[in-house]
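What follows is the content of data.cif, which has mmCIF, N, CA and C atoms:
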data_entry
loop_
_atom_site.label_atom_id
_atom_site.label_comp_id
_atom_site.auth_asym_id
_atom_site.auth_seq_id
_atom_site.Cartn_x
_atom_site.Cartn_y
_atom_site.Cartn_z
N ALA A 1 110.88 97.36 148.91
CA ALA A 1 111.19 96.36 147.90
C ALA A 1 110.04 96.15 146.92
N THR A 2 108.82 96.47 147.36
CA THR A 2 107.67 96.24 146.48
C THR A 2 107.31 97.46 145.64
N ASP A 3 108.06 98.52 145.78
CA ASP A 3 107.79 99.73 145.00
C ASP A 3 108.50 99.68 143.66
N GLN A 4 107.87 100.26 142.66
CA GLN A 4 108.42 100.25 141.30
C GLN A 4 109.84 100.81 141.25
N TYR A 5 110.11 101.84 142.04
CA TYR A 5 111.44 102.45 142.04
C TYR A 5 112.22 102.10 143.31
N GLY A 6 111.51 101.90 144.40
CA GLY A 6 112.15 101.58 145.68
C GLY A 6 112.95 100.30 145.63
N ASN A 7 112.53 99.35 144.80
CA ASN A 7 113.27 98.09 144.71
C ASN A 7 114.70 98.32 144.22
N TYR A 8 114.89 99.33 143.39
CA TYR A 8 116.24 99.65 142.91
C TYR A 8 117.11 100.19 144.05
N VAL A 9 116.51 100.97 144.93
CA VAL A 9 117.23 101.50 146.08
C VAL A 9 117.68 100.35 146.99
N VAL A 10 116.75 99.44 147.26
CA VAL A 10 117.07 98.29 148.11
C VAL A 10 118.18 97.45 147.47
N GLN A 11 118.09 97.22 146.17
CA GLN A 11 119.13 96.44 145.48
C GLN A 11 120.48 97.14 145.58
N HIS A 12 120.49 98.46 145.41
CA HIS A 12 121.74 99.22 145.47
C HIS A 12 122.36 99.13 146.86
N VAL A 13 121.55 99.32 147.90
CA VAL A 13 122.05 99.22 149.27
C VAL A 13 122.59 97.82 149.52
N MET A 14 121.86 96.82 149.05
CA MET A 14 122.27 95.43 149.25
C MET A 14 123.64 95.16 148.63
N GLU A 15 123.88 95.74 147.47
CA GLU A 15 125.12 95.46 146.75
C GLU A 15 126.27 96.39 147.13
N HIS A 16 125.97 97.65 147.45
CA HIS A 16 127.05 98.63 147.57
C HIS A 16 127.22 99.28 148.93
N SER A 17 126.35 99.04 149.89
CA SER A 17 126.45 99.73 151.17
C SER A 17 127.74 99.37 151.89
N SER A 18 128.39 100.40 152.42
CA SER A 18 129.62 100.18 153.19
C SER A 18 129.34 100.23 154.69
N ARG A 19 128.10 100.52 155.05
CA ARG A 19 127.75 100.57 156.47
C ARG A 19 127.51 99.16 156.98
N PRO A 20 128.19 98.81 158.06
CA PRO A 20 128.02 97.46 158.61
C PRO A 20 126.55 97.21 159.00
N GLY A 21 126.08 96.07 158.62
CA GLY A 21 124.73 95.68 159.02
C GLY A 21 123.63 95.97 158.02
N ASP A 22 123.89 96.87 157.05
CA ASP A 22 122.83 97.20 156.09
C ASP A 22 122.40 95.98 155.29
N ARG A 23 123.36 95.32 154.65
CA ARG A 23 123.02 94.17 153.82
C ARG A 23 122.47 93.04 154.68
N GLN A 24 123.07 92.83 155.85
CA GLN A 24 122.60 91.76 156.73
C GLN A 24 121.15 91.97 157.13
N ALA A 25 120.78 93.21 157.43
CA ALA A 25 119.39 93.51 157.81
C ALA A 25 118.45 93.24 156.64
N LEU A 26 118.87 93.66 155.45
CA LEU A 26 118.04 93.41 154.26
C LEU A 26 117.93 91.91 153.97
N MET A 27 119.01 91.18 154.17
CA MET A 27 119.00 89.73 153.94
C MET A 27 118.04 89.04 154.91
N GLN A 28 118.00 89.50 156.17
CA GLN A 28 117.08 88.91 157.15
C GLN A 28 115.63 89.16 156.73
N ILE A 29 115.35 90.35 156.27
CA ILE A 29 114.00 90.67 155.81
C ILE A 29 113.64 89.82 154.60
N ALA A 30 114.59 89.69 153.68
CA ALA A 30 114.37 88.87 152.49
C ALA A 30 114.07 87.43 152.88
N ARG A 31 114.83 86.89 153.82
CA ARG A 31 114.66 85.50 154.26
C ARG A 31 113.28 85.29 154.90
N LYS A 32 112.87 86.23 155.73
CA LYS A 32 111.59 86.09 156.44
C LYS A 32 110.40 86.21 155.50
N ASN A 33 110.58 86.90 154.39
CA ASN A 33 109.47 87.17 153.46
C ASN A 33 109.73 86.63 152.07
N VAL A 34 110.53 85.57 151.98
CA VAL A 34 111.02 85.11 150.68
C VAL A 34 109.89 84.74 149.72
N LEU A 35 108.83 84.11 150.18
CA LEU A 35 107.76 83.71 149.27
C LEU A 35 107.01 84.91 148.73
N SER A 36 106.56 85.79 149.60
CA SER A 36 105.78 86.94 149.13
C SER A 36 106.62 87.87 148.26
N LEU A 37 107.89 88.07 148.61
CA LEU A 37 108.75 88.94 147.81
C LEU A 37 109.08 88.30 146.46
N SER A 38 109.31 87.00 146.44
CA SER A 38 109.66 86.30 145.19
C SER A 38 108.52 86.32 144.18
N CYS A 39 107.31 86.38 144.66
CA CYS A 39 106.14 86.33 143.78
C CYS A 39 105.59 87.73 143.47
N HIS A 40 106.36 88.76 143.78
CA HIS A 40 105.96 90.14 143.52
C HIS A 40 106.76 90.69 142.34
N LYS A 41 106.10 91.45 141.49
CA LYS A 41 106.73 91.97 140.26
C LYS A 41 108.05 92.68 140.52
N TYR A 42 108.08 93.58 141.50
CA TYR A 42 109.29 94.37 141.74
C TYR A 42 110.19 93.74 142.80
N ALA A 43 109.59 93.20 143.84
CA ALA A 43 110.38 92.64 144.94
C ALA A 43 111.15 91.39 144.52
N SER A 44 110.68 90.70 143.49
CA SER A 44 111.42 89.51 143.03
C SER A 44 112.82 89.91 142.54
N ASN A 45 112.96 91.13 142.05
CA ASN A 45 114.28 91.61 141.64
C ASN A 45 115.21 91.75 142.85
N VAL A 46 114.65 92.11 143.99
CA VAL A 46 115.43 92.24 145.22
C VAL A 46 115.92 90.85 145.67
N ILE A 47 115.04 89.85 145.59
CA ILE A 47 115.45 88.48 145.97
C ILE A 47 116.53 87.98 145.03
N GLU A 48 116.37 88.27 143.75
CA GLU A 48 117.39 87.85 142.78
C GLU A 48 118.74 88.51 143.08
N LYS A 49 118.71 89.79 143.44
CA LYS A 49 119.94 90.50 143.81
C LYS A 49 120.53 89.91 145.09
N ALA A 50 119.69 89.58 146.06
CA ALA A 50 120.17 88.99 147.31
C ALA A 50 120.88 87.67 147.05
N LEU A 51 120.33 86.88 146.16
CA LEU A 51 120.96 85.61 145.79
C LEU A 51 122.30 85.84 145.10
N GLY A 52 122.37 86.88 144.30
CA GLY A 52 123.58 87.16 143.53
C GLY A 52 124.70 87.81 144.31
N CYS A 53 124.37 88.66 145.27
CA CYS A 53 125.43 89.41 145.95
C CYS A 53 125.64 89.00 147.40
N GLY A 54 124.85 88.06 147.89
CA GLY A 54 125.03 87.60 149.26
C GLY A 54 126.28 86.74 149.40
N THR A 55 126.78 86.64 150.62
CA THR A 55 127.89 85.72 150.89
C THR A 55 127.36 84.30 150.70
N LEU A 56 128.25 83.32 150.66
CA LEU A 56 127.81 81.93 150.52
C LEU A 56 126.86 81.54 151.65
N GLU A 57 127.16 82.00 152.85
CA GLU A 57 126.30 81.69 154.00
C GLU A 57 124.93 82.36 153.87
N GLU A 58 124.92 83.65 153.50
CA GLU A 58 123.65 84.36 153.33
C GLU A 58 122.82 83.72 152.22
N ARG A 59 123.48 83.37 151.13
CA ARG A 59 122.80 82.72 150.02
C ARG A 59 122.20 81.38 150.45
N ALA A 60 122.97 80.61 151.21
CA ALA A 60 122.50 79.31 151.69
C ALA A 60 121.26 79.45 152.57
N VAL A 61 121.26 80.46 153.43
CA VAL A 61 120.11 80.69 154.31
C VAL A 61 118.88 81.06 153.48
N LEU A 62 119.08 81.90 152.48
CA LEU A 62 117.98 82.31 151.61
C LEU A 62 117.45 81.11 150.80
N ILE A 63 118.36 80.32 150.27
CA ILE A 63 117.94 79.14 149.50
C ILE A 63 117.20 78.15 150.39
N GLN A 64 117.66 77.99 151.64
CA GLN A 64 116.96 77.10 152.58
C GLN A 64 115.53 77.59 152.81
N GLY A 65 115.35 78.90 152.86
CA GLY A 65 114.01 79.46 153.02
C GLY A 65 113.12 79.17 151.82
N ILE A 66 113.73 79.09 150.65
CA ILE A 66 112.98 78.82 149.41
C ILE A 66 112.66 77.33 149.29
N VAL A 67 113.66 76.48 149.54
CA VAL A 67 113.48 75.03 149.41
C VAL A 67 112.61 74.49 150.54
N GLY A 68 112.75 75.07 151.73
CA GLY A 68 112.01 74.61 152.90
C GLY A 68 112.79 73.58 153.67
N GLU A 69 112.28 73.26 154.83
CA GLU A 69 112.91 72.27 155.70
C GLU A 69 112.56 70.87 155.24
N PRO A 70 113.45 69.91 155.44
CA PRO A 70 113.13 68.52 155.09
C PRO A 70 111.86 68.06 155.82
N GLY A 71 110.98 67.42 155.09
CA GLY A 71 109.73 66.93 155.67
C GLY A 71 108.63 67.97 155.74
N GLU A 72 108.95 69.20 155.36
CA GLU A 72 107.94 70.26 155.37
C GLU A 72 106.92 69.97 154.27
N GLY A 73 105.65 70.06 154.60
CA GLY A 73 104.60 69.71 153.65
C GLY A 73 104.59 70.57 152.40
N HIS A 74 104.44 71.85 152.55
CA HIS A 74 104.32 72.73 151.38
C HIS A 74 105.39 73.81 151.47
N SER A 75 106.51 73.58 150.84
CA SER A 75 107.60 74.55 150.90
C SER A 75 107.34 75.68 149.90
N PRO A 76 107.93 76.85 150.14
CA PRO A 76 107.72 78.00 149.26
C PRO A 76 108.02 77.71 147.79
N ILE A 77 108.97 76.86 147.52
CA ILE A 77 109.37 76.60 146.13
C ILE A 77 108.20 76.05 145.30
N LEU A 78 107.30 75.32 145.93
CA LEU A 78 106.17 74.73 145.21
C LEU A 78 105.24 75.81 144.66
N THR A 79 105.06 76.88 145.41
CA THR A 79 104.26 78.01 144.94
C THR A 79 105.04 78.83 143.93
N MET A 80 106.32 79.04 144.22
CA MET A 80 107.16 79.89 143.38
C MET A 80 107.32 79.33 141.97
N MET A 81 107.42 78.02 141.84
CA MET A 81 107.67 77.45 140.51
C MET A 81 106.47 77.56 139.59
N ARG A 82 105.32 77.90 140.14
CA ARG A 82 104.12 78.08 139.31
C ARG A 82 103.74 79.56 139.15
N ASP A 83 104.57 80.43 139.70
CA ASP A 83 104.27 81.86 139.70
C ASP A 83 105.03 82.57 138.59
N ARG A 84 104.40 83.59 138.01
CA ARG A 84 105.02 84.28 136.87
C ARG A 84 106.29 85.04 137.24
N PHE A 85 106.46 85.42 138.49
CA PHE A 85 107.70 86.07 138.93
C PHE A 85 108.57 85.10 139.73
N GLY A 86 107.95 84.29 140.55
CA GLY A 86 108.66 83.35 141.40
C GLY A 86 109.47 82.32 140.62
N ASN A 87 108.99 81.95 139.44
CA ASN A 87 109.71 80.93 138.66
C ASN A 87 111.11 81.41 138.27
N TYR A 88 111.29 82.71 138.11
CA TYR A 88 112.63 83.23 137.78
C TYR A 88 113.58 83.03 138.96
N ILE A 89 113.05 83.18 140.17
CA ILE A 89 113.87 82.96 141.37
C ILE A 89 114.26 81.49 141.46
N VAL A 90 113.32 80.60 141.17
CA VAL A 90 113.63 79.17 141.20
C VAL A 90 114.72 78.85 140.17
N GLN A 91 114.62 79.42 138.99
CA GLN A 91 115.65 79.19 137.96
C GLN A 91 117.02 79.67 138.45
N ARG A 92 117.04 80.81 139.12
CA ARG A 92 118.29 81.37 139.65
C ARG A 92 118.87 80.46 140.74
N VAL A 93 117.99 79.94 141.60
CA VAL A 93 118.42 79.05 142.67
C VAL A 93 119.00 77.76 142.09
N ILE A 94 118.41 77.26 141.01
CA ILE A 94 118.95 76.06 140.36
C ILE A 94 120.39 76.30 139.94
N MET A 95 120.69 77.49 139.46
CA MET A 95 122.05 77.82 139.02
C MET A 95 123.01 78.01 140.19
N LEU A 96 122.51 78.52 141.33
CA LEU A 96 123.39 78.94 142.42
C LEU A 96 123.56 77.95 143.56
N ALA A 97 122.60 77.07 143.77
CA ALA A 97 122.67 76.14 144.92
C ALA A 97 123.86 75.22 144.77
N GLN A 98 124.46 74.87 145.92
CA GLN A 98 125.67 74.04 145.91
C GLN A 98 125.56 72.91 146.94
N GLY A 99 126.30 71.86 146.69
CA GLY A 99 126.44 70.76 147.65
C GLY A 99 125.13 70.09 148.01
N PRO A 100 125.00 69.72 149.29
CA PRO A 100 123.79 69.01 149.75
C PRO A 100 122.51 69.82 149.52
N GLN A 101 122.64 71.13 149.61
CA GLN A 101 121.49 71.99 149.38
C GLN A 101 121.00 71.87 147.93
N ARG A 102 121.94 71.78 147.01
CA ARG A 102 121.60 71.60 145.59
C ARG A 102 120.91 70.26 145.38
N GLU A 103 121.44 69.23 146.03
CA GLU A 103 120.83 67.91 145.92
C GLU A 103 119.39 67.92 146.44
N ALA A 104 119.17 68.57 147.57
CA ALA A 104 117.82 68.66 148.15
C ALA A 104 116.89 69.43 147.21
N LEU A 105 117.40 70.50 146.62
CA LEU A 105 116.62 71.30 145.67
C LEU A 105 116.23 70.47 144.46
N LEU A 106 117.21 69.80 143.86
CA LEU A 106 116.94 69.00 142.67
C LEU A 106 116.00 67.85 142.97
N TRP A 107 116.15 67.24 144.14
CA TRP A 107 115.25 66.15 144.53
C TRP A 107 113.82 66.67 144.63
N LYS A 108 113.66 67.82 145.29
CA LYS A 108 112.33 68.39 145.47
C LYS A 108 111.70 68.74 144.11
N LEU A 109 112.49 69.29 143.21
CA LEU A 109 111.96 69.64 141.89
C LEU A 109 111.63 68.40 141.07
N HIS A 110 112.50 67.39 141.13
CA HIS A 110 112.23 66.15 140.39
C HIS A 110 110.98 65.44 140.92
N GLU A 111 110.77 65.57 142.21
CA GLU A 111 109.58 64.99 142.84
C GLU A 111 108.30 65.57 142.23
N HIS A 112 108.38 66.82 141.79
CA HIS A 112 107.22 67.51 141.23
C HIS A 112 107.28 67.63 139.71
N MET A 113 108.17 66.89 139.09
CA MET A 113 108.34 66.95 137.64
C MET A 113 107.05 66.65 136.87
N PRO A 114 106.27 65.61 137.24
CA PRO A 114 105.03 65.36 136.48
C PRO A 114 104.08 66.57 136.48
N ALA A 115 103.97 67.22 137.63
CA ALA A 115 103.10 68.40 137.71
C ALA A 115 103.69 69.56 136.89
N LEU A 116 105.02 69.68 136.90
CA LEU A 116 105.67 70.75 136.12
C LEU A 116 105.44 70.54 134.63
N LYS A 117 105.50 69.29 134.19
CA LYS A 117 105.32 68.99 132.77
C LYS A 117 103.91 69.32 132.31
N LYS A 118 102.93 69.18 133.20
CA LYS A 118 101.54 69.47 132.85
C LYS A 118 101.19 70.94 133.07
N SER A 119 102.07 71.65 133.75
CA SER A 119 101.74 73.01 134.18
C SER A 119 101.89 74.04 133.06
N ASN A 120 101.71 75.25 133.49
CA ASN A 120 101.80 76.40 132.59
C ASN A 120 103.22 76.60 132.06
N THR A 121 103.40 77.66 131.34
CA THR A 121 104.69 78.01 130.76
C THR A 121 105.78 78.11 131.81
N TYR A 122 105.45 78.59 133.01
CA TYR A 122 106.45 78.79 134.05
C TYR A 122 107.08 77.46 134.46
N GLY A 123 106.27 76.43 134.56
CA GLY A 123 106.79 75.11 134.89
C GLY A 123 107.75 74.61 133.84
N LYS A 124 107.45 74.90 132.60
CA LYS A 124 108.33 74.47 131.50
C LYS A 124 109.68 75.19 131.56
N HIS A 125 109.66 76.45 132.02
CA HIS A 125 110.92 77.18 132.20
C HIS A 125 111.79 76.50 133.27
N ILE A 126 111.15 76.01 134.32
CA ILE A 126 111.88 75.32 135.39
C ILE A 126 112.50 74.03 134.83
N ILE A 127 111.74 73.28 134.04
CA ILE A 127 112.24 72.03 133.44
C ILE A 127 113.47 72.33 132.58
N THR A 128 113.41 73.38 131.77
CA THR A 128 114.53 73.75 130.92
C THR A 128 115.75 74.11 131.78
N ALA A 129 115.54 74.86 132.86
CA ALA A 129 116.65 75.22 133.75
C ALA A 129 117.26 73.98 134.40
N LEU A 130 116.42 73.03 134.77
CA LEU A 130 116.91 71.78 135.35
C LEU A 130 117.75 71.00 134.35
N GLU A 131 117.28 70.93 133.12
CA GLU A 131 118.02 70.21 132.09
C GLU A 131 119.38 70.86 131.84
N ARG A 132 119.43 72.19 131.82
CA ARG A 132 120.69 72.90 131.64
C ARG A 132 121.63 72.68 132.81
N ALA A 133 121.08 72.62 134.01
CA ALA A 133 121.89 72.47 135.22
C ALA A 133 122.53 71.09 135.32
N GLN A 134 121.95 70.10 134.69
CA GLN A 134 122.45 68.74 134.81
C GLN A 134 123.37 68.34 133.67
N VAL A 135 123.65 69.25 132.77
CA VAL A 135 124.55 68.94 131.65
C VAL A 135 125.98 68.96 132.12
#
Could the structure of this file be written out as structure tokens, please?
Amino acid sequence: ATDQYGNYVVQHVMEHSSRPGDRQALMQIARKNVLSLSCHKYASNVIEKALGCGTLEERAVLIQGIVGEPGEGHSPILTMMRDRFGNYIVQRVIMLAQGPQREALLWKLHEHMPALKKSNTYGKHIITALERAQV
């Protein structure tokens, strides 16, 4: 997933494999390594593909890994929203999260809104995505 060309192979297998278990295995790897993969130039494309082509359940598990557990001190999303590649994943999650998970995501992001407003360009992209999501 971290290779310049290998990430395309992983994305293709994730989306098109007809062999049982291929996508599920890749989804498990993505979930376990969501922060490091999301903040990597090439692997972030794999996480974005996983969010887009996963089942609702797979997507929910991946989003939970990004948002973190309730009460968790430093969830992955806090690092991702300030990262030049990770912020794109956060924007995608804002568009895709549903129900209580969406509420938890939006709450966590709003909690950090003052820091986002003072932050770099990436934080401003998150604010724009939040504003679009609430229209």
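Compared by their closest atoms to Ile63 (chain A), and using all atoms listed in the file, the residues A:Leu37, A:Asn7, A:Arg31, A:Asn120 rank with A:Arg31 nearest.
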Next on the checklist: Running the PyMOL selection byres (((chain A and resi 10 and name CA) around 12) and name CA) on this model by hand, what would come out? Give it as a ChimeraX atom specification.
Outcome noted: /A:1-9,11-17,22-23,25-27,29-30,42-50
Checklist entry - Separation of atom C of Val67 (chain A) and CA of Leu105 (chain A), in Å? => result 7.1 Å
Would you mind listing, for every residue of region 100-124 of chain A within 8 Å of region 80-93 of chain A, the two atoms forming the shortest contact and the distance between them in Å to one decimal, using all atoms listed in the file, sorted by chain and ascending residue number, as CSV?
residue,atom,partner,partner_atom,distance
A:Arg102,CA,A:Val93,C,7.5
A:Leu105,CA,A:Val93,C,7.8
A:Leu116,CA,A:Met81,C,7.7
A:Ser119,CA,A:Arg82,CA,7.6
A:Asn120,N,A:Arg82,CA,6.9
A:Thr121,C,A:Arg82,CA,7.7
A:Tyr122,C,A:Met81,C,5.2
A:Gly123,N,A:Met81,C,5.2
A:Lys124,N,A:Met81,C,7.5
Checklist entry - What separation in Å, quoted to one decimal, exists between CA of Lys108 (chain A) and CA of Val34 (chain A)? => result 17.6 Å
Item to check | Polymer residues at most 8 Å from Arg59 (chain A), only N, CA and C atoms, same-chain spacing of 6 or more positions, as a list in words | outcome: Ala50, Leu51, Gly52, Cys53, Gly65, Leu96 and Ala97 of chain A
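Distance annotation: of A:Leu109, A:Glu103, A:Gln28, A:Ile127, the residue with the minimal separation from Glu58 (chain A) is A:Gln28; atom set is only C-alpha atoms.
Between atom C of Ile126 (chain A) and atom N of Gln64 (chain A) the interatomic distance comes to 18.0 Å.
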Item to check | Expected answer as a PyMOL selection string: alpha helix (DSSP H) residues in region 4-131 of chain A | outcome: chain A and resi 6-16+22-32+34-38+43-53+56-67+76-80+86-96+99-111+113-118+121-131
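Minimum atom-to-atom distance to Ala104 (chain A), evaluated using only C-alpha atoms, belongs to A:Pro70 out of A:Ala133, A:Lys32, A:Lys117, A:Pro70.
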Write out as a PDB file with N, CA and C atoms, in the coordinates of the input the residues lying within 8 Å of Leu35 (chain A), counting only C-alpha atoms and excluding same-chain residues fewer than 4 positions away.
ATOM      1  N   CYS A  39     107.310  86.380 144.660  1.00  0.00           N
ATOM      2  CA  CYS A  39     106.140  86.330 143.780  1.00  0.00           C
ATOM      3  C   CYS A  39     105.590  87.730 143.470  1.00  0.00           C
ATOM      4  N   ILE A  66     113.730  79.090 150.650  1.00  0.00           N
ATOM      5  CA  ILE A  66     112.980  78.820 149.410  1.00  0.00           C
ATOM      6  C   ILE A  66     112.660  77.330 149.290  1.00  0.00           C
ATOM      7  N   PRO A  76     107.930  76.850 150.140  1.00  0.00           N
ATOM      8  CA  PRO A  76     107.720  78.000 149.260  1.00  0.00           C
ATOM      9  C   PRO A  76     108.020  77.710 147.790  1.00  0.00           C
ATOM     10  N   ILE A  77     108.970  76.860 147.520  1.00  0.00           N
ATOM     11  CA  ILE A  77     109.370  76.600 146.130  1.00  0.00           C
ATOM     12  C   ILE A  77     108.200  76.050 145.300  1.00  0.00           C
ATOM     13  N   THR A  79     105.060  76.880 145.410  1.00  0.00           N
ATOM     14  CA  THR A  79     104.260  78.010 144.940  1.00  0.00           C
ATOM     15  C   THR A  79     105.040  78.830 143.930  1.00  0.00           C
ATOM     16  N   MET A  80     106.320  79.040 144.220  1.00  0.00           N
ATOM     17  CA  MET A  80     107.160  79.890 143.380  1.00  0.00           C
ATOM     18  C   MET A  80     107.320  79.330 141.970  1.00  0.00           C
ATOM     19  N   GLY A  86     107.950  84.290 140.550  1.00  0.00           N
ATOM     20  CA  GLY A  86     108.660  83.350 141.400  1.00  0.00           C
ATOM     21  C   GLY A  86     109.470  82.320 140.620  1.00  0.00           C
TER      22      GLY A  86
END
